[in-house]
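Structure data follow from data-v9.cif (mmCIF, C-alpha atoms):
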```
data_query
#
loop_
_atom_site.group_PDB
_atom_site.id
_atom_site.type_symbol
_atom_site.label_atom_id
_atom_site.label_comp_id
_atom_site.auth_asym_id
_atom_site.auth_seq_id
_atom_site.Cartn_x
_atom_site.Cartn_y
_atom_site.Cartn_z
ATOM 1 C CA MET A 264 141.480 19.890 68.994
ATOM 2 C CA ASP A 265 140.070 19.381 65.476
ATOM 3 C CA ASP A 266 136.510 18.201 64.819
ATOM 4 C CA ALA A 267 137.432 14.592 63.972
ATOM 5 C CA THR A 268 139.486 14.099 67.153
ATOM 6 C CA LEU A 269 136.808 15.755 69.252
ATOM 7 C CA ILE A 270 134.097 13.502 67.796
ATOM 8 C CA ALA A 271 136.208 10.382 68.335
ATOM 9 C CA GLN A 272 136.835 11.374 71.941
ATOM 10 C CA VAL A 273 133.159 12.130 72.577
ATOM 11 C CA GLN A 274 132.169 8.774 71.094
ATOM 12 C CA ALA A 275 134.724 7.069 73.317
ATOM 13 C CA GLY A 276 132.880 8.581 76.294
ATOM 14 C CA ASN A 277 135.652 10.970 77.333
ATOM 15 C CA GLU A 278 134.077 13.380 79.803
ATOM 16 C CA HIS A 279 136.651 16.086 79.141
ATOM 17 C CA ALA A 280 135.809 15.930 75.441
ATOM 18 C CA ASN A 281 132.107 16.260 76.276
ATOM 19 C CA ARG A 282 132.852 19.331 78.373
ATOM 20 C CA PHE A 283 135.076 20.767 75.656
ATOM 21 C CA LEU A 284 132.357 20.296 73.027
ATOM 22 C CA ILE A 285 129.757 22.026 75.186
ATOM 23 C CA GLU A 286 132.077 24.923 76.042
ATOM 24 C CA LYS A 287 133.090 25.350 72.415
ATOM 25 C CA TYR A 288 129.615 25.462 70.943
ATOM 26 C CA LYS A 289 127.360 26.646 73.779
ATOM 27 C CA ASN A 290 127.478 30.302 72.708
ATOM 28 C CA LEU A 291 126.522 29.486 69.124
ATOM 29 C CA VAL A 292 123.558 27.429 70.331
ATOM 30 C CA TRP A 293 122.572 29.913 73.041
ATOM 31 C CA HIS A 294 122.656 32.977 70.793
ATOM 32 C CA LEU A 295 120.678 31.243 68.088
ATOM 33 C CA VAL A 296 118.067 29.785 70.433
ATOM 34 C CA LEU A 297 117.705 32.949 72.504
ATOM 35 C CA ARG A 298 117.089 35.075 69.430
ATOM 36 C CA MET A 299 114.606 32.568 68.031
ATOM 37 C CA VAL A 300 112.746 31.592 71.203
ATOM 38 C CA ASP A 301 113.216 34.775 73.244
ATOM 39 C CA GLN A 302 112.307 33.297 76.626
ATOM 40 C CA GLN A 303 115.248 32.730 78.935
ATOM 41 C CA GLU A 304 113.998 29.626 80.777
ATOM 42 C CA ASP A 305 112.585 27.876 77.731
ATOM 43 C CA ALA A 306 115.708 28.813 75.788
ATOM 44 C CA GLU A 307 118.003 27.241 78.365
ATOM 45 C CA ASP A 308 115.954 24.027 78.522
ATOM 46 C CA LEU A 309 115.948 23.899 74.752
ATOM 47 C CA CYS A 310 119.746 24.314 74.693
ATOM 48 C CA GLN A 311 120.051 21.309 77.007
ATOM 49 C CA GLU A 312 117.803 19.267 74.724
ATOM 50 C CA ILE A 313 119.837 20.350 71.691
ATOM 51 C CA PHE A 314 123.110 19.201 73.233
ATOM 52 C CA LEU A 315 121.551 15.907 74.343
ATOM 53 C CA ARG A 316 120.499 15.375 70.718
ATOM 54 C CA VAL A 317 124.023 16.273 69.576
ATOM 55 C CA PHE A 318 125.541 13.679 71.916
ATOM 56 C CA ARG A 319 122.972 11.094 70.870
ATOM 57 C CA ASP A 320 123.454 11.598 67.142
ATOM 58 C CA ILE A 321 127.145 12.452 66.962
ATOM 59 C CA GLY A 322 127.864 8.983 65.559
ATOM 60 C CA ARG A 323 125.814 9.958 62.498
ATOM 61 C CA PHE A 324 127.921 13.037 61.742
ATOM 62 C CA ARG A 325 129.695 12.243 58.469
ATOM 63 C CA GLY A 326 131.955 15.290 58.295
ATOM 64 C CA GLU A 327 130.280 16.669 55.148
ATOM 65 C CA SER A 328 130.099 20.073 56.869
ATOM 66 C CA LYS A 329 131.834 21.706 59.790
ATOM 67 C CA LEU A 330 130.774 20.421 63.206
ATOM 68 C CA SER A 331 129.579 23.933 64.083
ATOM 69 C CA THR A 332 127.272 23.924 61.045
ATOM 70 C CA TRP A 333 125.877 20.510 61.992
ATOM 71 C CA ILE A 334 125.249 21.581 65.594
ATOM 72 C CA GLY A 335 123.784 24.899 64.400
ATOM 73 C CA ALA A 336 121.406 23.034 62.098
ATOM 74 C CA ILE A 337 120.203 20.858 64.978
ATOM 75 C CA ALA A 338 119.692 23.985 67.108
ATOM 76 C CA TYR A 339 117.832 25.752 64.293
ATOM 77 C CA ASN A 340 115.546 22.800 63.499
ATOM 78 C CA MET A 341 114.751 22.122 67.148
ATOM 79 C CA SER A 342 113.983 25.805 67.742
ATOM 80 C CA ILE A 343 111.662 25.845 64.734
ATOM 81 C CA SER A 344 109.898 22.718 66.062
ATOM 82 C CA TYR A 345 109.599 24.375 69.479
ATOM 83 C CA LEU A 346 108.060 27.506 67.960
ATOM 84 C CA ARG A 347 105.637 25.409 65.900
ATOM 85 C CA LYS A 348 104.637 23.463 68.997
ATOM 86 C CA LYS A 349 103.978 26.759 70.787
ATOM 87 C CA GLY A 350 101.785 27.788 67.866
ATOM 88 C CA LYS A 351 103.958 30.730 66.849
ATOM 89 C CA ASN A 352 103.800 31.922 63.284
ATOM 90 C CA ILE A 353 107.307 31.528 61.946
ATOM 91 C CA MET A 354 106.565 32.209 58.304
ATOM 92 C CA VAL A 355 105.860 35.940 58.455
ATOM 93 C CA SER A 356 106.013 37.275 54.950
ATOM 94 C CA VAL A 357 108.786 39.752 54.312
ATOM 95 C CA ASP A 358 106.339 42.144 52.677
ATOM 96 C CA ASP A 359 103.773 41.833 55.461
ATOM 97 C CA TYR A 360 106.229 42.852 58.126
ATOM 98 C CA LEU A 361 105.927 46.376 59.493
ATOM 99 C CA PRO A 362 108.701 47.274 61.903
ATOM 100 C CA VAL A 363 107.341 48.008 65.384
ATOM 101 C CA ALA A 364 104.255 49.613 63.896
ATOM 102 C CA SER A 365 102.544 49.839 67.256
ATOM 103 C CA GLY A 366 105.678 50.682 69.223
ATOM 104 C CA LYS A 367 105.463 53.566 71.617
ATOM 105 C CA PRO A 368 108.309 56.067 71.154
ATOM 106 C CA ALA A 369 111.161 55.230 73.514
ATOM 107 C CA VAL A 370 112.213 58.847 73.636
ATOM 108 C CA GLU A 371 109.637 61.595 73.561
ATOM 109 C CA SER A 372 111.817 64.509 72.599
ATOM 110 C CA ALA A 373 115.263 65.293 71.327
ATOM 111 C CA ASP A 374 116.081 66.988 74.636
ATOM 112 C CA GLU A 375 115.855 63.703 76.462
ATOM 113 C CA ALA A 376 119.340 62.284 76.951
ATOM 114 C CA VAL A 377 120.078 59.094 75.016
ATOM 115 C CA ASP A 378 123.477 57.566 75.500
ATOM 116 C CA LYS A 379 125.049 54.935 73.326
ATOM 117 C CA SER A 380 124.068 51.973 75.515
ATOM 118 C CA SER A 381 120.422 53.103 75.596
ATOM 119 C CA MET A 382 120.498 53.360 71.831
ATOM 120 C CA LYS A 383 121.840 49.826 71.588
ATOM 121 C CA LYS A 384 119.070 48.637 73.892
ATOM 122 C CA ILE A 385 116.591 50.250 71.529
ATOM 123 C CA VAL A 386 118.235 48.450 68.605
ATOM 124 C CA HIS A 387 117.889 45.152 70.491
ATOM 125 C CA ARG A 388 114.251 45.940 71.263
ATOM 126 C CA VAL A 389 113.645 46.411 67.567
ATOM 127 C CA ILE A 390 115.473 43.170 66.721
ATOM 128 C CA ASP A 391 113.158 41.302 69.108
ATOM 129 C CA THR A 392 110.166 42.430 67.054
ATOM 130 C CA LEU A 393 111.566 41.116 63.758
ATOM 131 C CA PRO A 394 110.301 37.852 62.237
ATOM 132 C CA VAL A 395 112.202 34.714 63.274
ATOM 133 C CA GLN A 396 113.946 34.242 59.913
ATOM 134 C CA TYR A 397 115.398 37.763 60.062
ATOM 135 C CA ARG A 398 116.564 37.365 63.646
ATOM 136 C CA THR A 399 118.160 34.030 62.814
ATOM 137 C CA VAL A 400 120.220 35.149 59.829
ATOM 138 C CA ILE A 401 121.156 38.443 61.504
ATOM 139 C CA THR A 402 122.411 36.591 64.594
ATOM 140 C CA LEU A 403 124.372 34.050 62.608
ATOM 141 C CA PHE A 404 125.904 36.673 60.330
ATOM 142 C CA TYR A 405 126.736 39.508 62.727
ATOM 143 C CA LEU A 406 127.092 37.836 66.103
ATOM 144 C CA GLU A 407 128.551 34.471 65.118
ATOM 145 C CA GLU A 408 130.282 35.920 62.047
ATOM 146 C CA LEU A 409 129.389 32.915 59.906
ATOM 147 C CA SER A 410 129.669 32.949 56.119
ATOM 148 C CA TYR A 411 126.633 32.770 53.812
ATOM 149 C CA LYS A 412 127.571 29.160 53.053
ATOM 150 C CA GLU A 413 127.568 28.233 56.735
ATOM 151 C CA ILE A 414 124.259 30.015 57.331
ATOM 152 C CA GLU A 415 122.854 28.104 54.358
ATOM 153 C CA GLY A 416 124.080 24.851 55.920
ATOM 154 C CA ILE A 417 122.364 25.683 59.202
ATOM 155 C CA THR A 418 119.058 27.103 58.023
ATOM 156 C CA GLY A 419 118.691 25.448 54.639
ATOM 157 C CA MET A 420 117.866 28.857 53.131
ATOM 158 C CA PRO A 421 119.412 29.648 49.740
ATOM 159 C CA GLU A 422 122.205 32.219 49.717
ATOM 160 C CA GLY A 423 120.024 34.765 47.887
ATOM 161 C CA THR A 424 117.346 34.536 50.559
ATOM 162 C CA ILE A 425 119.924 34.976 53.299
ATOM 163 C CA LYS A 426 121.304 38.117 51.657
ATOM 164 C CA SER A 427 117.819 39.463 51.134
ATOM 165 C CA TYR A 428 116.842 38.801 54.785
ATOM 166 C CA LEU A 429 120.015 40.507 55.957
ATOM 167 C CA ASN A 430 119.360 43.603 53.871
ATOM 168 C CA ARG A 431 115.692 43.837 54.680
ATOM 169 C CA GLY A 432 116.360 43.031 58.322
ATOM 170 C CA ARG A 433 118.841 45.892 58.594
ATOM 171 C CA GLU A 434 116.426 48.175 56.836
ATOM 172 C CA ALA A 435 113.675 47.168 59.253
ATOM 173 C CA ILE A 436 115.953 47.814 62.223
ATOM 174 C CA ARG A 437 116.845 51.256 60.903
ATOM 175 C CA GLU A 438 113.189 52.115 60.362
ATOM 176 C CA GLY A 439 112.256 50.682 63.746
ATOM 177 C CA VAL A 440 114.888 52.707 65.570
ATOM 178 C CA LEU A 441 113.837 55.895 63.808
ATOM 179 C CA ARG A 442 110.240 55.162 64.687
ATOM 180 C CA LEU A 443 111.031 54.563 68.361
ATOM 181 C CA VAL A 444 113.359 57.525 68.657
ATOM 182 C CA PRO A 445 111.723 60.427 66.896
ATOM 183 C CA ASP A 446 114.179 63.081 65.880
ATOM 184 C CA MET A 447 116.930 60.496 65.995
ATOM 185 C CA HIS A 448 119.336 62.405 63.801
ATOM 186 C CA PRO A 449 120.040 65.363 66.102
ATOM 187 C CA GLN A 450 120.623 62.859 68.916
ATOM 188 C CA LEU A 451 123.238 60.901 67.014
ATOM 189 C CA SER A 452 125.635 63.765 66.625
ATOM 190 C CA THR A 453 125.574 64.510 70.359
ATOM 191 C CA MET A 454 125.758 60.866 71.442
ATOM 192 C CA LYS A 455 128.651 59.759 73.646
ATOM 193 C CA MET B 286 123.790 67.255 53.145
ATOM 194 C CA ASN B 287 127.161 66.054 54.333
ATOM 195 C CA SER B 288 126.128 66.104 57.945
ATOM 196 C CA GLU B 289 122.972 64.146 57.007
ATOM 197 C CA THR B 290 125.183 61.469 55.417
ATOM 198 C CA ASP B 291 127.432 61.452 58.482
ATOM 199 C CA ARG B 292 124.473 60.914 60.749
ATOM 200 C CA PHE B 293 123.207 58.117 58.559
ATOM 201 C CA SER B 294 126.591 56.366 58.729
ATOM 202 C CA GLU B 295 126.628 56.977 62.479
ATOM 203 C CA LEU B 296 123.299 55.183 62.796
ATOM 204 C CA GLU B 297 124.543 52.357 60.559
ATOM 205 C CA ALA B 298 127.693 51.997 62.662
ATOM 206 C CA LEU B 299 125.618 51.934 65.844
ATOM 207 C CA ILE B 300 123.342 49.221 64.443
ATOM 208 C CA THR B 301 126.337 47.110 63.354
ATOM 209 C CA GLU B 302 127.928 47.520 66.782
ATOM 210 C CA ALA B 303 124.695 46.512 68.525
ATOM 211 C CA LEU B 304 124.250 43.495 66.250
ATOM 212 C CA LYS B 305 127.757 42.257 67.034
ATOM 213 C CA GLU B 306 127.249 42.542 70.782
ATOM 214 C CA ASN B 307 126.532 39.487 72.921
ATOM 215 C CA PRO B 308 123.005 39.455 74.322
ATOM 216 C CA GLU B 309 122.700 40.667 77.910
ATOM 217 C CA ARG B 310 121.082 37.449 78.992
ATOM 218 C CA GLU B 311 123.594 34.671 79.552
ATOM 219 C CA LEU B 312 123.416 30.962 80.121
ATOM 220 C CA SER B 313 123.385 30.004 83.794
ATOM 221 C CA ILE B 314 126.812 29.243 85.274
ATOM 222 C CA SER B 315 125.770 25.672 86.044
ATOM 223 C CA PHE B 316 124.676 24.990 82.453
ATOM 224 C CA THR B 317 127.664 22.827 81.466
ATOM 225 C CA ASP B 318 127.707 20.836 84.716
ATOM 226 C CA THR B 319 123.965 20.180 84.627
ATOM 227 C CA LEU B 320 124.190 19.116 81.018
ATOM 228 C CA LEU B 321 127.184 16.844 81.641
ATOM 229 C CA ARG B 322 125.275 15.151 84.472
ATOM 230 C CA LYS B 323 122.344 14.539 82.111
ATOM 231 C CA VAL B 324 124.659 13.207 79.396
ATOM 232 C CA GLU B 325 126.343 10.910 81.930
ATOM 233 C CA LYS B 326 122.945 9.665 83.145
ATOM 234 C CA ARG B 327 121.777 8.892 79.611
ATOM 235 C CA LEU B 328 125.028 7.133 78.758
ATOM 236 C CA THR B 329 124.824 4.997 81.900
ATOM 237 C CA TRP B 330 121.203 4.111 81.188
ATOM 238 C CA ARG B 331 121.985 3.213 77.579
ATOM 239 C CA GLU B 332 124.982 1.123 78.631
ATOM 240 C CA LEU B 333 122.938 -0.792 81.242
ATOM 241 C CA ILE B 334 120.095 -1.433 78.812
ATOM 242 C CA HIS B 335 122.590 -2.673 76.223
ATOM 243 C CA GLU B 336 124.193 -4.988 78.774
ATOM 244 C CA PHE B 337 120.758 -6.265 79.875
ATOM 245 C CA ALA B 338 119.715 -6.907 76.271
ATOM 246 C CA MET B 339 122.937 -8.836 75.625
ATOM 247 C CA LYS B 340 122.534 -11.003 78.740
ATOM 248 C CA THR B 341 118.845 -11.657 78.022
ATOM 249 C CA GLY B 342 119.758 -12.520 74.444
ATOM 250 C CA ILE B 343 122.377 -15.024 75.557
ATOM 251 C CA VAL B 344 119.925 -16.715 77.957
ATOM 252 C CA ALA B 345 117.172 -16.762 75.288
ATOM 253 C CA VAL B 346 119.471 -18.266 72.655
ATOM 254 C CA SER B 347 120.658 -20.928 75.139
ATOM 255 C CA LEU B 348 117.036 -21.807 75.950
ATOM 256 C CA ILE B 349 116.143 -22.025 72.257
ATOM 257 C CA ILE B 350 119.100 -24.359 71.619
ATOM 258 C CA LEU B 351 118.046 -26.468 74.610
ATOM 259 C CA ALA B 352 114.452 -26.619 73.344
ATOM 260 C CA VAL B 353 115.602 -27.646 69.848
ATOM 261 C CA CYS B 354 117.790 -30.370 71.390
ATOM 262 C CA LEU B 355 114.802 -31.656 73.377
ATOM 263 C CA ILE B 356 112.280 -31.517 70.530
ATOM 264 C CA PHE B 357 114.305 -32.807 67.593
ATOM 265 C CA PRO B 358 115.294 -36.282 68.785
ATOM 266 C CA ASN B 359 111.638 -37.109 69.659
ATOM 267 C CA ARG B 360 109.816 -35.027 67.067
ATOM 268 C CA ASP B 361 107.382 -37.885 66.212
ATOM 269 C CA SER B 362 106.118 -38.255 69.756
ATOM 270 C CA THR B 363 104.797 -35.476 71.940
ATOM 271 C CA ASN B 364 107.454 -34.186 74.286
ATOM 272 C CA PRO B 365 106.125 -34.123 77.902
ATOM 273 C CA ILE B 366 108.009 -30.884 78.719
ATOM 274 C CA ILE B 367 106.572 -29.085 75.708
ATOM 275 C CA GLN B 368 103.142 -30.468 76.496
ATOM 276 C CA MET B 369 103.433 -29.197 80.072
ATOM 277 C CA ILE B 370 104.437 -25.707 78.835
ATOM 278 C CA VAL B 371 101.544 -25.628 76.351
ATOM 279 C CA ASP B 372 99.031 -26.769 78.979
ATOM 280 C CA ASN B 373 100.202 -24.203 81.546
ATOM 281 C CA TRP B 374 101.132 -21.317 79.247
ATOM 282 C CA GLN B 375 99.647 -18.683 81.559
ATOM 283 C CA ILE B 376 101.721 -19.797 84.537
ATOM 284 C CA VAL B 377 104.809 -20.214 82.361
ATOM 285 C CA SER B 378 104.495 -16.756 80.798
ATOM 286 C CA GLY B 379 103.836 -15.248 84.258
ATOM 287 C CA ALA B 380 107.007 -16.927 85.552
ATOM 288 C CA VAL B 381 109.028 -15.715 82.535
ATOM 289 C CA PHE B 382 107.746 -12.170 83.055
ATOM 290 C CA LEU B 383 108.601 -12.307 86.772
ATOM 291 C CA ILE B 384 112.108 -13.621 86.064
ATOM 292 C CA LEU B 385 112.677 -10.948 83.409
ATOM 293 C CA PHE B 386 111.411 -8.202 85.707
ATOM 294 C CA THR B 387 113.627 -9.356 88.601
ATOM 295 C CA PHE B 388 116.584 -9.614 86.239
ATOM 296 C CA PHE B 389 115.860 -6.121 84.847
ATOM 297 C CA SER B 390 115.519 -4.628 88.328
ATOM 298 C CA ASP B 391 118.749 -6.222 89.464
ATOM 299 C CA GLN B 392 120.807 -5.530 86.355
ATOM 300 C CA VAL B 393 119.445 -2.139 85.294
ATOM 301 C CA LEU B 394 117.368 -0.283 87.883
ATOM 302 C CA LEU B 395 119.414 -1.133 90.970
ATOM 303 C CA LYS B 396 122.728 -0.533 89.228
ATOM 304 C CA PHE B 397 121.474 2.764 87.778
ATOM 305 C CA TYR B 398 120.243 4.162 91.083
ATOM 306 C CA THR B 399 123.327 2.933 92.958
ATOM 307 C CA ARG B 400 125.612 4.690 90.466
ATOM 308 C CA GLU B 401 123.427 7.785 90.687
ATOM 309 C CA ARG B 402 123.748 7.879 94.464
ATOM 310 C CA ILE B 403 127.505 7.392 94.358
ATOM 311 C CA SER B 404 128.011 10.164 91.781
#
```

Represent the structure contained in this file as structure tokens.
Amino acid sequence: MDDATLIAQVQAGNEHANRFLIEKYKNLVWHLVLRMVDQQEDAEDLCQEIFLRVFRDIGRFRGESKLSTWIGAIAYNMSISYLRKKGKNIMVSVDDYLPVASGKPAVESADEAVDKSSMKKIVHRVIDTLPVQYRTVITLFYLEELSYKEIEGITGMPEGTIKSYLNRGREAIREGVLRLVPDMHPQLSTMK
Amino acid sequence: MNSETDRFSELEALITEALKENPERELSISFTDTLLRKVEKRLTWRELIHEFAMKTGIVAVSLIILAVCLIFPNRDSTNPIIQMIVDNWQIVSGAVFLILFTFFSDQVLLKFYTRERIS
């Protein structure tokens, strides 16, 4: 079902179309919100609110972008508002950010066994410490596999900023992992 | 040097793999059903309010037309009905409020909760 048909069906009050829309876009919204808000219960409530807004405003969608971009933008803006309401600082300067500076090493010595899934968990732990803007663009780019243009449509950030956040974000993750797993390099070669 | 480069690419590959993985936490299974129920509720409420506004509008317009018909033919002399309304405006507005509230309860609230119970 293409976007235009789906929108027409939703506006006509077709329950199957409503279900289809939710199923189609719930992962995009969930991944974005979860990475930005990082609290399961609040994230799920926020996802509900986002979809209610989508259903309320779908008549205003003019088709200037893809429906996924429009829904993503609603999710992004509502998550930002949520974070502001909670008093969280969302504008952490790129230069001020120190990756997990106070993080306790996850692995004390190279002898300690670290399998691949544990390493991934460590990567995710590091991601959780990144500033919101980094987490957002990283999620949209790697997990949702969106293009720079689509990420720009969702976040309103210029393409250059998105590329810069992606590069610096990756760099921060690398540094963070190496900080949490001292003597990381010998472990990598023996990792299953 | 080569092995150092290999390890670096290994770390890069691991990071990319981790970034592409779905988060462990998932939406609850009932997410879609709960949301659809909320959407349905809001649509019903909006539909009932719209219907109520239309019906109230029709009654109000009819009353305005009636009032104009009563006032215009005798606009030089004071109309006794208008005079009565002006003299007892508190009672009249109380009655209008009561009628509107009863109408709202019957047309919106009762219908909404009955539909809720059935669904």

I'd like the residues picked by the PyMOL selection byres ((chain B and resi 396) around 12) written out as a list of chain:residue names, using the chain letters and numbers from the file.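 Checking the PyMOL selection byres ((chain B and resi 396) around 12) against this file, the residues are B:Lys326, B:Thr329, B:Trp330, B:Glu332, B:Leu333, B:Ile334, B:Glu336, B:Phe337, B:Phe388, B:Phe389, B:Ser390, B:Asp391, B:Gln392, B:Val393, B:Leu394, B:Leu395, B:Phe397, B:Tyr398, B:Thr399, B:Arg400, B:Glu401, B:Arg402, B:Ile403.
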
Assuming the chain letters and numbering stay as they are in my file, what does the PyMOL selection byres ((chain B and resi 302-318) around 6) actually select? List them as an MDAnalysis selection string. (chainID A and resid 383 405:406) or (chainID B and resid 299:301 319:321)

Residues of chain A no more than 9 Å from chain B, counting all atoms listed in the file: send them over as a ChimeraX atom specification. /A:276,278,281-282,285-286,289-290,293-294,297-298,303,307,311-312,314-315,318-319,379-380,382-384,386-387,390,401-402,404-408,433,436-437,447-449,451-452

List as a ChimeraX atom specification the protein and nucleic acid residues near Asp391 in chain A, meaning an atom at most 10 Å away when only C-alpha atoms are counted, but skip any in the same chain fewer than 2 places from it. /A:298-301,363,385-389,393-395,397-398,436

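Proximity to Val292 in chain A was assessed for A:Thr392, A:Asn340, A:Asn430, A:Ser410 counting all atoms listed in the file; the smallest distance is recorded for A:Asn340.
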
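The gap separating CA of Gly419 in chain A from CA of Asp308 in chain A is 24.1 Å, in Å to one decimal.
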
Test item: the PyMOL selection byres ((chain A and resi 335) around 10) resolved as a list in words: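 With the PyMOL selection byres ((chain A and resi 335) around 10) on this model, the match is Tyr288, Leu291, Val292, Leu295, Val296, Ile313, Lys329, Leu330, Ser331, Thr332, Trp333, Ile334, Ala336, Ile337, Ala338, Tyr339, Asn340, Met341, Leu403, Glu413, Ile414, Gly416, Ile417 and Thr418 of chain A.
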
Measure the distance from CA of Val273 in chain A to CA of Ile321 in chain A in Å and round it to one decimal. 8.2 Å

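In this model, the gap between CA of Leu385 in chain B and CA of Val353 in chain B comes to 21.7 Å.
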
So that all listed atoms of range 310-321 of chain A fit with 6 Å spare on each side, what axis-aligned box centre and edge lengths in Å, to one decimal, would you give as JSON?
```
{"center_x": 122.5, "center_y": 17.7, "center_z": 72.0, "size_x": 21.3, "size_y": 25.2, "size_z": 22.0}
```

Where atoms are missing, can you supply N, CA and C atoms for range 346-365 of chain B and output the lot as a compact mmCIF listing (two decimals), keeping the file's coordinate frame?
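Saved the output as selection-v6.txt:
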```txt
# COMPACT_ATOMS: atom_id res chain seq x y z
N VAL B 346 118.88 -17.40 73.68
CA VAL B 346 119.47 -18.27 72.66
C VAL B 346 119.80 -19.64 73.25
N SER B 347 120.35 -19.65 74.48
CA SER B 347 120.66 -20.93 75.14
C SER B 347 119.39 -21.75 75.32
N LEU B 348 118.30 -21.09 75.74
CA LEU B 348 117.04 -21.81 75.95
C LEU B 348 116.49 -22.36 74.63
N ILE B 349 116.62 -21.57 73.57
CA ILE B 349 116.14 -22.02 72.26
C ILE B 349 116.94 -23.26 71.81
N ILE B 350 118.25 -23.21 72.00
CA ILE B 350 119.10 -24.36 71.62
C ILE B 350 118.69 -25.59 72.43
N LEU B 351 118.46 -25.36 73.72
CA LEU B 351 118.05 -26.47 74.61
C LEU B 351 116.71 -27.05 74.13
N ALA B 352 115.77 -26.16 73.80
CA ALA B 352 114.45 -26.62 73.34
C ALA B 352 114.57 -27.42 72.05
N VAL B 353 115.41 -26.94 71.13
CA VAL B 353 115.60 -27.65 69.85
C VAL B 353 116.19 -29.03 70.12
N CYS B 354 117.17 -29.09 71.04
CA CYS B 354 117.79 -30.37 71.39
C CYS B 354 116.77 -31.34 71.99
N LEU B 355 115.82 -30.80 72.75
CA LEU B 355 114.80 -31.66 73.38
C LEU B 355 113.75 -32.11 72.36
N ILE B 356 113.37 -31.21 71.46
CA ILE B 356 112.28 -31.52 70.53
C ILE B 356 112.74 -32.41 69.39
N PHE B 357 113.89 -32.10 68.82
CA PHE B 357 114.30 -32.81 67.59
C PHE B 357 114.47 -34.32 67.70
N PRO B 358 115.14 -34.82 68.73
CA PRO B 358 115.29 -36.28 68.78
C PRO B 358 113.95 -37.02 68.87
N ASN B 359 112.95 -36.43 69.52
CA ASN B 359 111.64 -37.11 69.66
C ASN B 359 110.54 -36.35 68.93
N ARG B 360 110.82 -35.90 67.69
CA ARG B 360 109.82 -35.03 67.07
C ARG B 360 108.55 -35.78 66.63
N ASP B 361 108.59 -37.14 66.58
CA ASP B 361 107.38 -37.88 66.21
C ASP B 361 106.42 -38.00 67.39
N SER B 362 106.99 -38.15 68.59
CA SER B 362 106.12 -38.26 69.76
C SER B 362 106.03 -36.91 70.47
N THR B 363 104.99 -36.74 71.23
CA THR B 363 104.80 -35.48 71.94
C THR B 363 105.74 -35.43 73.13
N ASN B 364 106.51 -34.33 73.18
CA ASN B 364 107.45 -34.19 74.29
C ASN B 364 106.69 -33.77 75.54
N PRO B 365 106.89 -34.46 76.68
CA PRO B 365 106.12 -34.12 77.90
C PRO B 365 106.42 -32.71 78.41
```
